[in-house]
>>> print(open('data-v6.txt').read())   # compact mmCIF, C-alpha atoms
# COMPACT_ATOMS: atom_id res chain seq x y z
CA MET N 12 335.64 99.00 83.24
CA THR N 13 333.06 96.45 82.19
CA ARG N 14 332.59 93.86 84.92
CA VAL N 15 332.65 90.20 83.89
CA PHE N 16 331.68 87.19 86.02
CA SER N 17 331.87 83.51 85.17
CA GLY N 18 332.27 80.27 87.05
CA ILE N 19 333.34 76.63 86.90
CA LYS N 20 331.38 73.93 88.72
CA PRO N 21 333.57 71.27 90.40
CA THR N 22 331.47 68.26 89.44
CA GLY N 23 334.21 66.59 87.41
CA HIS N 24 337.69 67.00 86.01
CA LEU N 25 337.97 70.01 83.68
CA THR N 26 338.00 69.19 79.98
CA LEU N 27 339.28 70.42 76.66
CA GLY N 28 335.80 71.87 76.14
CA ASN N 29 336.10 73.96 79.31
CA TYR N 30 339.46 75.27 78.16
CA LEU N 31 338.70 76.03 74.50
CA GLY N 32 335.17 77.21 75.18
CA ALA N 33 335.85 79.43 78.17
CA MET N 34 339.08 79.36 80.18
CA ARG N 35 341.42 80.32 77.38
CA ARG N 36 339.41 83.42 76.53
CA TRP N 37 339.21 84.37 80.20
CA ALA N 38 343.01 84.41 80.37
CA ALA N 39 343.72 85.90 76.94
CA VAL N 40 340.96 88.52 76.75
CA ASP N 41 338.59 89.01 79.66
CA GLN N 42 341.06 89.56 82.50
CA HIS N 43 342.87 92.19 80.42
CA GLN N 44 339.86 94.08 79.08
CA SER N 45 337.49 94.02 82.04
CA ASP N 46 337.11 93.94 85.80
CA ALA N 47 336.81 90.14 85.85
CA LEU N 48 335.77 87.67 88.53
CA PHE N 49 336.17 83.91 88.07
CA CYS N 50 334.59 81.64 90.61
CA ILE N 51 334.64 77.94 91.51
CA VAL N 52 330.90 77.55 92.12
CA ASP N 53 331.13 74.71 94.62
CA LEU N 54 327.63 75.25 96.05
CA HIS N 55 326.20 74.26 92.67
CA ALA N 56 327.98 70.91 92.95
CA LEU N 57 325.72 70.00 95.89
CA THR N 58 322.53 69.83 93.80
CA VAL N 59 323.19 66.15 93.01
CA ASP N 60 324.54 63.18 94.96
CA HIS N 61 328.20 63.80 95.65
CA ASP N 62 331.21 62.70 97.66
CA PRO N 63 332.21 65.60 99.97
CA ALA N 64 335.92 64.78 99.76
CA ARG N 65 335.74 64.68 95.96
CA VAL N 66 334.03 68.08 95.79
CA ARG N 67 336.80 69.58 97.92
CA ARG N 68 339.48 67.89 95.80
CA LEU N 69 337.94 68.99 92.51
CA SER N 70 337.44 72.54 93.80
CA ARG N 71 341.14 72.83 94.58
CA GLN N 72 342.06 71.24 91.25
CA ALA N 73 339.77 73.62 89.36
CA ALA N 74 341.31 76.64 91.08
CA THR N 75 344.81 75.38 90.28
CA LEU N 76 343.90 74.81 86.63
CA LEU N 77 342.36 78.27 86.32
CA LEU N 78 345.66 79.73 87.43
CA ALA N 79 347.59 77.31 85.21
CA SER N 80 345.52 78.42 82.22
CA GLY N 81 346.85 81.93 82.62
CA LEU N 82 344.56 83.75 85.03
CA ASP N 83 346.62 86.33 86.93
CA PRO N 84 345.35 87.22 90.44
CA HIS N 85 346.86 90.69 89.93
CA LEU N 86 344.55 91.22 86.95
CA CYS N 87 341.39 89.38 88.02
CA THR N 88 339.65 87.93 91.07
CA VAL N 89 339.73 84.15 91.51
CA PHE N 90 337.77 82.73 94.44
CA VAL N 91 335.51 79.96 95.73
CA GLN N 92 331.77 80.66 95.87
CA SER N 93 331.17 79.21 99.36
CA HIS N 94 333.88 81.50 100.79
CA VAL N 95 331.70 84.56 100.10
CA ASP N 96 328.46 84.55 102.12
CA GLU N 97 326.86 87.21 99.93
CA HIS N 98 325.97 84.56 97.34
CA THR N 99 323.61 82.70 99.67
CA ARG N 100 322.43 85.89 101.37
CA LEU N 101 321.22 87.25 98.04
CA SER N 102 319.93 83.94 96.72
CA TYR N 103 317.02 83.78 99.18
CA LEU N 104 315.96 87.32 98.36
CA LEU N 105 315.89 86.45 94.68
CA GLU N 106 313.86 83.31 95.40
CA CYS N 107 311.25 85.72 96.77
CA VAL N 108 311.15 87.40 93.36
CA ALA N 109 311.46 84.38 91.01
CA THR N 110 308.48 82.12 90.27
CA ASP N 111 307.93 78.39 90.42
CA GLY N 112 307.04 78.35 86.73
CA GLU N 113 310.34 79.95 85.77
CA MET N 114 312.27 77.31 87.68
CA ARG N 115 310.37 74.39 86.19
CA ARG N 116 310.92 75.67 82.65
CA MET N 117 314.71 75.52 83.00
CA ILE N 118 316.02 72.96 80.53
CA GLN N 119 318.56 71.29 82.81
CA TYR N 120 315.98 70.78 85.55
CA LYS N 121 313.45 69.32 83.12
CA GLU N 122 315.99 66.90 81.64
CA LYS N 123 317.45 65.70 84.94
CA ALA N 124 314.06 65.45 86.64
CA ALA N 125 312.73 63.38 83.73
CA ARG N 126 315.68 60.98 83.94
CA GLU N 127 315.14 60.53 87.68
CA ARG N 128 311.42 59.88 87.20
CA VAL N 129 312.26 57.08 84.76
CA ARG N 130 314.48 55.56 87.47
CA GLY N 131 311.70 55.90 90.01
CA GLY N 132 313.47 58.61 92.00
CA SER N 133 313.32 62.36 92.43
CA VAL N 134 315.77 65.26 92.33
CA ARG N 135 316.86 67.51 95.15
CA LEU N 136 315.03 70.77 95.73
CA SER N 137 318.30 72.62 95.19
CA LEU N 138 318.36 71.43 91.57
CA LEU N 139 315.09 73.30 91.04
CA THR N 140 316.24 76.48 92.75
CA TYR N 141 319.94 76.62 91.81
CA PRO N 142 319.32 78.92 88.80
CA VAL N 143 318.36 81.57 91.36
CA LEU N 144 321.66 81.02 93.16
CA MET N 145 323.34 81.42 89.78
CA ALA N 146 321.47 84.69 89.32
CA ALA N 147 322.74 85.77 92.75
CA ASP N 148 326.29 84.88 91.70
CA ILE N 149 325.95 87.26 88.78
CA LEU N 150 323.89 90.09 90.25
CA ALA N 151 325.82 90.45 93.51
CA TYR N 152 328.77 91.93 91.63
CA GLY N 153 327.02 94.39 89.33
CA THR N 154 328.03 92.16 86.44
CA ASP N 155 327.74 93.61 82.94
CA GLN N 156 328.74 90.54 80.91
CA VAL N 157 328.67 86.80 81.54
CA PRO N 158 330.81 84.79 79.10
CA VAL N 159 328.97 81.46 78.75
CA GLY N 160 328.37 78.72 76.23
CA ASP N 161 325.01 78.52 74.50
CA ASP N 162 323.80 75.86 76.94
CA GLN N 163 323.94 78.41 79.77
CA THR N 164 322.35 81.43 78.11
CA GLN N 165 318.94 80.48 79.54
CA HIS N 166 320.33 80.99 83.04
CA VAL N 167 321.66 84.43 82.18
CA GLU N 168 318.28 85.36 80.71
CA LEU N 169 316.69 84.33 84.01
CA ALA N 170 319.15 86.56 85.89
CA ARG N 171 318.17 89.42 83.59
CA ASP N 172 314.46 88.84 84.20
CA ILE N 173 314.91 88.69 87.97
CA ALA N 174 317.05 91.84 87.99
CA VAL N 175 314.49 93.80 85.97
CA ARG N 176 311.61 92.57 88.14
CA PHE N 177 313.43 93.41 91.39
CA ASN N 178 314.36 96.86 90.11
CA GLN N 179 310.78 97.59 89.06
CA ARG N 180 309.26 96.46 92.35
CA TYR N 181 311.77 97.71 94.90
CA GLY N 182 313.83 100.39 93.18
CA HIS N 183 316.92 100.22 91.01
CA THR N 184 319.36 97.86 92.73
CA PHE N 185 320.94 95.57 90.14
CA VAL N 186 322.82 95.95 86.89
CA VAL N 187 321.02 93.95 84.18
CA PRO N 188 323.68 91.59 82.74
CA ARG N 189 323.97 90.07 79.29
CA ALA N 190 325.45 86.81 78.03
CA THR N 191 328.51 86.98 75.77
CA PRO N 192 329.01 83.58 74.12
CA PRO N 193 332.49 82.82 72.73
CA GLN N 194 332.81 83.02 68.96
CA VAL N 195 334.89 79.87 68.40
CA ALA N 196 334.53 76.40 69.93
CA ALA N 197 331.62 77.47 72.11
CA ARG N 198 330.74 73.80 72.47
CA VAL N 199 333.33 71.09 72.04
CA MET N 200 331.44 67.86 71.52
CA ASN N 201 332.01 64.38 72.92
CA LEU N 202 334.40 62.40 70.72
CA GLN N 203 332.29 59.25 71.00
CA ASP N 204 328.93 61.03 70.72
CA PRO N 205 329.47 64.20 68.67
CA THR N 206 325.85 65.26 69.13
CA SER N 207 326.46 65.74 72.88
CA LYS N 208 328.59 68.29 74.71
CA MET N 209 331.97 67.23 76.11
CA GLY N 210 330.82 67.57 79.71
CA LYS N 211 333.10 67.19 82.72
CA SER N 212 330.44 65.33 84.73
CA ASP N 213 329.83 62.87 81.88
CA ASP N 214 330.91 59.30 82.59
CA SER N 215 331.88 58.62 78.95
CA GLY N 216 335.63 58.79 79.53
CA PRO N 217 336.78 57.71 76.05
CA GLY N 218 334.89 60.64 74.50
CA ILE N 219 336.31 63.30 76.81
CA VAL N 220 339.76 64.87 76.73
CA TYR N 221 340.62 66.04 80.23
CA LEU N 222 343.05 68.90 80.76
CA LEU N 223 345.35 66.64 82.76
CA ASP N 224 345.29 63.68 80.36
CA GLU N 225 348.77 62.49 79.38
CA PRO N 226 349.73 63.15 75.71
CA ASP N 227 349.44 59.45 74.81
CA VAL N 228 345.95 59.33 76.31
CA VAL N 229 344.93 62.45 74.37
CA ARG N 230 346.16 60.95 71.10
CA ARG N 231 344.44 57.64 71.73
CA LYS N 232 341.09 59.28 72.46
CA ILE N 233 341.24 61.51 69.38
CA MET N 234 342.39 58.71 67.06
CA ARG N 235 339.35 56.71 68.20
CA ALA N 236 336.92 59.60 67.71
CA VAL N 237 333.68 58.77 65.92
CA THR N 238 333.45 60.05 62.35
CA ASP N 239 331.23 58.45 59.66
CA SER N 240 331.39 56.14 56.66
CA ALA N 241 331.98 58.86 54.06
CA ARG N 242 335.35 59.04 52.32
CA ASP N 243 335.69 62.81 52.02
CA VAL N 244 336.32 65.28 54.84
CA VAL N 245 333.55 67.89 54.83
CA TYR N 246 332.59 70.46 57.45
CA ASP N 247 328.85 69.95 58.02
CA PRO N 248 327.89 70.13 61.73
CA GLU N 249 324.30 69.08 61.11
CA ALA N 250 324.72 66.16 58.73
CA ARG N 251 328.22 65.06 59.73
CA PRO N 252 328.82 66.02 63.37
CA GLY N 253 331.82 63.72 63.94
CA PRO N 254 334.17 65.23 61.34
CA ALA N 255 332.83 68.70 62.13
CA ASN N 256 333.75 68.30 65.79
CA LEU N 257 337.34 67.35 64.91
CA LEU N 258 337.63 70.27 62.50
CA GLU N 259 336.30 72.71 65.10
CA ILE N 260 338.74 71.43 67.72
CA LEU N 261 341.63 71.71 65.26
CA ALA N 262 340.53 75.20 64.24
CA ALA N 263 340.26 76.32 67.87
CA CYS N 264 343.74 74.99 68.65
CA THR N 265 345.45 76.45 65.57
CA GLY N 266 343.46 79.61 64.89
CA GLY N 267 342.15 78.25 61.61
CA ASN N 268 338.72 78.04 60.03
CA PRO N 269 336.84 74.71 60.13
CA SER N 270 335.47 75.03 56.59
CA GLU N 271 338.85 75.92 55.13
CA LEU N 272 340.60 73.15 57.06
CA SER N 273 338.19 70.56 55.65
CA GLY N 274 339.70 71.13 52.21
CA VAL N 275 343.17 70.30 53.47
CA TYR N 276 342.46 66.68 54.40
CA GLU N 277 341.66 63.69 52.23
CA THR N 278 341.43 61.12 55.04
CA TYR N 279 340.11 61.03 58.57
CA GLY N 280 343.38 59.51 59.76
CA ALA N 281 345.38 62.57 58.78
CA LEU N 282 342.77 64.88 60.31
CA LYS N 283 342.84 62.96 63.58
CA ARG N 284 346.64 62.93 63.77
CA ASP N 285 346.91 66.67 63.24
CA THR N 286 344.07 67.33 65.69
CA ALA N 287 345.73 65.16 68.32
CA ASP N 288 349.07 66.93 67.86
CA ALA N 289 347.40 70.34 68.10
CA VAL N 290 345.55 69.44 71.28
CA VAL N 291 348.67 68.05 72.93
CA GLU N 292 350.55 71.28 72.16
CA VAL N 293 347.73 73.47 73.46
CA LEU N 294 347.55 71.54 76.73
CA ARG N 295 351.30 71.27 77.27
CA PRO N 296 351.88 74.70 78.94
CA VAL N 297 348.74 74.33 81.07
CA GLN N 298 349.90 70.95 82.36
CA GLU N 299 353.43 72.20 83.03
CA ARG N 300 352.17 75.19 85.01
CA HIS N 301 349.72 72.95 86.89
CA ARG N 302 352.58 70.73 88.03
CA GLU N 303 354.48 73.80 89.26
CA LEU N 304 351.50 75.10 91.21
CA CYS N 305 350.89 71.72 92.84
CA THR N 306 354.32 71.97 94.45
CA ASP N 307 353.25 75.21 96.19
CA PRO N 308 349.72 74.67 97.56
CA GLY N 309 350.13 77.63 99.88
CA TYR N 310 350.22 79.95 96.87
CA VAL N 311 346.87 78.68 95.57
CA GLU N 312 345.33 78.96 99.05
CA GLY N 313 346.57 82.54 99.29
CA VAL N 314 345.10 83.45 95.91
CA LEU N 315 341.71 82.04 96.94
CA ARG N 316 341.81 83.78 100.33
CA ASP N 317 342.68 87.16 98.81
CA GLY N 318 340.17 86.63 96.01
CA ALA N 319 337.37 85.93 98.49
CA GLU N 320 338.21 89.10 100.41
CA ARG N 321 338.06 91.21 97.25
CA ALA N 322 334.87 89.51 96.06
CA ARG N 323 333.22 90.04 99.45
CA ALA N 324 334.08 93.73 99.41
CA MET N 325 332.59 94.08 95.92
CA ALA N 326 329.40 92.12 96.62
CA ARG N 327 328.45 93.33 100.09
CA PRO N 328 327.27 96.87 99.17
CA THR N 329 324.93 95.53 96.48
CA VAL N 330 323.55 92.76 98.68
CA ASP N 331 323.06 95.13 101.61
CA ALA N 332 321.23 97.51 99.28
CA ALA N 333 318.97 94.65 98.14
CA TYR N 334 318.14 93.81 101.78
CA ARG N 335 317.14 97.41 102.43
CA ALA N 336 315.18 97.72 99.19
CA ILE N 337 313.10 94.60 99.75
CA GLY N 338 312.05 95.77 103.21
CA LEU N 339 314.30 94.03 105.73
CA LEU N 340 315.19 95.85 108.94
CA PRO N 341 318.91 96.70 109.09
CA ALA N 342 320.85 95.07 111.91
CA ALA N 343 321.88 97.42 114.72
CA GLU N 344 325.56 98.26 114.87
CA ALA N 345 327.40 96.59 117.76
CA GLU N 346 328.46 99.04 120.46
CA ASP N 347 332.09 99.40 121.46
CA ALA N 348 333.17 97.11 124.26
CA GLY N 349 332.65 98.77 127.65
CA ALA N 350 330.49 101.56 126.22
CA GLY N 351 327.15 99.78 126.08
CA ALA N 352 324.53 99.13 128.69
CA ALA N 353 325.28 96.63 131.41
CA VAL N 354 324.33 93.05 130.63
CA PRO N 355 321.56 91.88 132.96
CA ASP N 356 322.34 89.04 135.34
CA ILE N 357 320.24 86.06 134.28
CA GLY N 358 321.99 83.49 136.39
CA VAL N 359 319.99 81.09 138.57
CA THR N 360 320.60 81.26 142.31
CA ALA N 361 319.93 78.56 144.82
>>> encode(input="data-v6.txt", output="structure tokens")
Amino acid sequence: MTRVFSGIKPTGHLTLGNYLGAMRRWAAVDQHQSDALFCIVDLHALTVDHDPARVRRLSRQAATLLLASGLDPHLCTVFVQSHVDEHTRLSYLLECVATDGEMRRMIQYKEKAARERVRGGSVRLSLLTYPVLMAADILAYGTDQVPVGDDQTQHVELARDIAVRFNQRYGHTFVVPRATPPQVAARVMNLQDPTSKMGKSDDSGPGIVYLLDEPDVVRRKIMRAVTDSARDVVYDPEARPGPANLLEILAACTGGNPSELSGVYETYGALKRDTADAVVEVLRPVQERHRELCTDPGYVEGVLRDGAERARAMARPTVDAAYRAIGLLPAAEAEDAGAGAAVPDIGVTA
């Protein structure tokens, strides 16, 4: 089967964008049609200032929501990145293949570094190098496809470049992956700034619908969504991003087409009401299942423990092969207890 890998970073509460753009497809399609791994990439959350307790809390919440969204641990592998050492083992090897120029060309690094320079500060080294860790996440598992939004395709291209370069220099070791962007609602935009992605680490709460928002909160946020001064409802993402965002959300929730839906509505009020109702209904089963899972934390812990064991077994042969290929001396096997040479006495006597 085709192997699929994707991950969620626990830097904030998961959003409607995460669900419509990725998680729903993982549950409905990817886990059934492929050998799929879904990872809470907690190491990536350390590239910026963070509260350790919050990272742990959000990691657990993300895992619970992945299961609540429909991921079945009997069909796919759900685990936490830091529970599988092969990610960091491989990351350093890939840093020895990647270049400084490649890292500094990454869009997210350039944008965040520029913002910090304006503030008179600097970013952590890990922000520069984390795309290599992301490449390790992907390449360790022989991944064929990486379902990502268009804002992450640059990282998958980097993983491809590193894989090809490693294979050419040291012998064929890695599968060269490809990005598979979702066809609908790849990027749900911020309700208050429809030119920006609805990001979970964004601090613009009124523009973000979180997966655990109460129905009244969801309706209030959508009813206050930014549109424009025009009277007609037209689907034009470039010229009229506000209405287009609402139409795309409604289409993603109902299985409709944004352009066709635009002809149904004469007012923004009606569009917002129907969009709010659709979002509430889409989130309802996820929230109900989340509440059930929260009453049994041992189940979630067991899923993550078993998932890490499976992931480790899948990744270790590839990572070990990379260590051999790049020229590292294999570690000697430990001898059975009682069968090895005597341990010399190095004690100090008076």
>>> residues_around(input="data-v6.txt", residues="Gly309 in chain N", least_positions_apart="5", cutoff="12 Å", atoms="all atoms listed in the file", output="PDB file with C-alpha atoms, in the frame of the given file")
ATOM      1  CA  ARG N  71     341.140  72.830  94.580  1.00  0.00           C
ATOM      2  CA  THR N  75     344.810  75.380  90.280  1.00  0.00           C
ATOM      3  CA  LEU N 304     351.500  75.100  91.210  1.00  0.00           C
ATOM      4  CA  VAL N 314     345.100  83.450  95.910  1.00  0.00           C
ATOM      5  CA  LEU N 315     341.710  82.040  96.940  1.00  0.00           C
ATOM      6  CA  ARG N 316     341.810  83.780 100.330  1.00  0.00           C
TER       7      ARG N 316
END
>>> residues_around(input="data-v6.txt", residues="Ile260 in chain N", least_positions_apart="3", cutoff="7 Å", atoms="all atoms listed in the file", output="list in words")
Ala196, Val199, Asn256, Leu257, Ala263 and Cys264 of chain N
>>> atom_distance(input="data-v6.txt", atom1="CA of Ala33 in chain N", atom2="CA of Ala151 in chain N")
21.4 Å
>>> residues_around(input="data-v6.txt", residues="Tyr152 in chain N", least_positions_apart="6", cutoff="10 Å", atoms="all atoms listed in the file", output="NGL selection string")
:N and (14-16 or 48 or 97-98 or 185-186 or 322-330)
>>> atom_distance(input="data-v6.txt", atom1="CA of Ala125 in chain N", atom2="CA of Pro21 in chain N")
23.3 Å
>>> residues_around(input="data-v6.txt", residues="Thr58 in chain N", least_positions_apart="5", cutoff="12 Å", atoms="only C-alpha atoms", output="list in words")
Lys20, Pro21, Thr22, Val52, Asp53, Val66, Gln119, Tyr120, Lys123, Ala124, Ser133, Val134, Arg135, Leu136, Ser137, Leu138, Leu139, Thr140, Tyr141, Pro142 and Leu144 of chain N
>>> residues_around(input="data-v6.txt", residues="Leu105 in chain N", least_positions_apart="5", cutoff="8 Å", atoms="all atoms listed in the file", output="PDB file with C-alpha atoms, in the coordinates of the input")
ATOM      1  CA  VAL N 143     318.360  81.570  91.360  1.00  0.00           C
ATOM      2  CA  ALA N 146     321.470  84.690  89.320  1.00  0.00           C
ATOM      3  CA  ALA N 147     322.740  85.770  92.750  1.00  0.00           C
ATOM      4  CA  ILE N 173     314.910  88.690  87.970  1.00  0.00           C
TER       5      ILE N 173
END
>>> atom_distance(input="data-v6.txt", atom1="CA of Gly210 in chain N", atom2="CA of Pro254 in chain N")
18.8 Å
>>> residues_near_point(input="data-v6.txt", point="(338.9, 71.3, 62.9)", cutoff="8 Å", atoms="all atoms listed in the file", output="VMD selection string")
chain N and resid 254 to 263 267 to 269 272 to 273 282 286
>>> closest_residue(input="data-v6.txt", among="N:Thr26, N:Ser207, N:Gln92, N:Gln298", to="Ile149 in chain N", atoms="only C-alpha atoms")
N:Gln92
>>> closest_residue(input="data-v6.txt", among="N:Glu292, N:Asp162, N:Glu303, N:Asp243", to="Thr278 in chain N", atoms="all atoms listed in the file")
N:Asp243
>>> closest_residue(input="data-v6.txt", among="N:Arg65, N:His94, N:His55, N:Lys208", to="Glu312 in chain N", atoms="only C-alpha atoms")
N:His94
>>> closest_residue(input="data-v6.txt", among="N:Leu77, N:Glu225, N:Arg115, N:Ala319", to="Arg35 in chain N", atoms="all atoms listed in the file")
N:Leu77
>>> build_atoms(input="data-v6.txt", residues="range 113-123 of chain N", atoms="all heavy atoms", output="CSV table (one decimal), keeping the file's coordinate frame")
chain,number,residue,atom,x,y,z
N,113,GLU,N,309.0,79.7,86.4
N,113,GLU,CA,310.3,80.0,85.8
N,113,GLU,C,311.3,78.8,86.1
N,113,GLU,O,312.1,78.4,85.2
N,113,GLU,CB,310.9,81.3,86.3
N,113,GLU,CG,310.2,82.5,85.7
N,113,GLU,CD,310.7,83.8,86.3
N,113,GLU,OE1,310.9,83.8,87.6
N,113,GLU,OE2,310.8,84.8,85.6
N,114,MET,N,311.3,78.4,87.3
N,114,MET,CA,312.3,77.3,87.7
N,114,MET,C,312.0,76.0,86.9
N,114,MET,O,312.9,75.3,86.4
N,114,MET,CB,312.2,77.0,89.2
N,114,MET,CG,312.6,78.2,90.1
N,114,MET,SD,314.3,78.8,89.8
N,114,MET,CE,314.0,80.2,88.7
N,115,ARG,N,310.7,75.7,86.8
N,115,ARG,CA,310.4,74.4,86.2
N,115,ARG,C,310.5,74.4,84.7
N,115,ARG,O,310.5,73.4,84.0
N,115,ARG,CB,308.9,74.0,86.6
N,115,ARG,CG,308.8,73.8,88.1
N,115,ARG,CD,307.5,73.2,88.5
N,115,ARG,NE,307.4,73.1,89.9
N,115,ARG,CZ,307.9,72.1,90.7
N,115,ARG,NH1,308.5,71.1,90.0
N,115,ARG,NH2,307.8,72.1,92.0
N,116,ARG,N,310.7,75.6,84.1
N,116,ARG,CA,310.9,75.7,82.6
N,116,ARG,C,312.4,75.6,82.3
N,116,ARG,O,312.7,75.4,81.1
N,116,ARG,CB,310.4,77.0,82.1
N,116,ARG,CG,308.9,77.0,82.0
N,116,ARG,CD,308.4,78.2,81.1
N,116,ARG,NE,308.7,79.5,81.7
N,116,ARG,CZ,307.9,80.1,82.5
N,116,ARG,NH1,306.8,79.6,82.9
N,116,ARG,NH2,308.3,81.3,83.0
N,117,MET,N,313.3,75.6,83.3
N,117,MET,CA,314.7,75.5,83.0
N,117,MET,C,315.1,74.2,82.4
N,117,MET,O,314.7,73.1,82.9
N,117,MET,CB,315.5,75.8,84.3
N,117,MET,CG,315.2,77.1,84.9
N,117,MET,SD,315.4,78.6,83.8
N,117,MET,CE,317.2,78.6,83.7
N,118,ILE,N,315.8,74.2,81.3
N,118,ILE,CA,316.0,73.0,80.5
N,118,ILE,C,316.7,71.9,81.3
N,118,ILE,O,316.4,70.7,81.3
N,118,ILE,CB,316.8,73.3,79.2
N,118,ILE,CG1,315.9,74.2,78.3
N,118,ILE,CG2,317.2,72.0,78.5
N,118,ILE,CD1,316.7,74.7,77.1
N,119,GLN,N,317.8,72.3,82.1
N,119,GLN,CA,318.6,71.3,82.8
N,119,GLN,C,317.7,70.6,83.9
N,119,GLN,O,317.8,69.4,84.1
N,119,GLN,CB,319.8,71.9,83.4
N,119,GLN,CG,320.8,72.4,82.4
N,119,GLN,CD,322.2,72.7,83.0
N,119,GLN,OE1,322.5,72.3,84.1
N,119,GLN,NE2,322.9,73.5,82.3
N,120,TYR,N,316.9,71.4,84.5
N,120,TYR,CA,316.0,70.8,85.6
N,120,TYR,C,315.0,69.8,84.9
N,120,TYR,O,314.8,68.7,85.4
N,120,TYR,CB,315.2,71.9,86.3
N,120,TYR,CG,314.1,71.3,87.2
N,120,TYR,CD1,314.5,70.7,88.4
N,120,TYR,CD2,312.8,71.2,86.8
N,120,TYR,CE1,313.5,70.1,89.2
N,120,TYR,CE2,311.8,70.7,87.6
N,120,TYR,CZ,312.2,70.1,88.9
N,120,TYR,OH,311.3,69.5,89.7
N,121,LYS,N,314.4,70.2,83.8
N,121,LYS,CA,313.4,69.3,83.1
N,121,LYS,C,314.1,68.0,82.7
N,121,LYS,O,313.5,66.9,82.9
N,121,LYS,CB,312.9,70.0,81.9
N,121,LYS,CG,311.9,71.2,82.3
N,121,LYS,CD,311.6,72.1,81.1
N,121,LYS,CE,310.7,71.3,80.1
N,121,LYS,NZ,310.3,72.2,79.0
N,122,GLU,N,315.3,68.1,82.1
N,122,GLU,CA,316.0,66.9,81.6
N,122,GLU,C,316.4,66.0,82.8
N,122,GLU,O,316.2,64.8,82.7
N,122,GLU,CB,317.2,67.3,80.8
N,122,GLU,CG,316.9,68.0,79.5
N,122,GLU,CD,318.1,68.4,78.7
N,122,GLU,OE1,319.2,68.4,79.4
N,122,GLU,OE2,318.0,68.8,77.5
N,123,LYS,N,317.0,66.5,83.8
N,123,LYS,CA,317.4,65.7,84.9
N,123,LYS,C,316.3,65.1,85.7
N,123,LYS,O,316.3,64.0,86.2
N,123,LYS,CB,318.4,66.5,85.9
N,123,LYS,CG,319.7,66.8,85.2
N,123,LYS,CD,320.6,67.6,86.1
N,123,LYS,CE,322.0,67.9,85.4
N,123,LYS,NZ,322.9,68.7,86.3
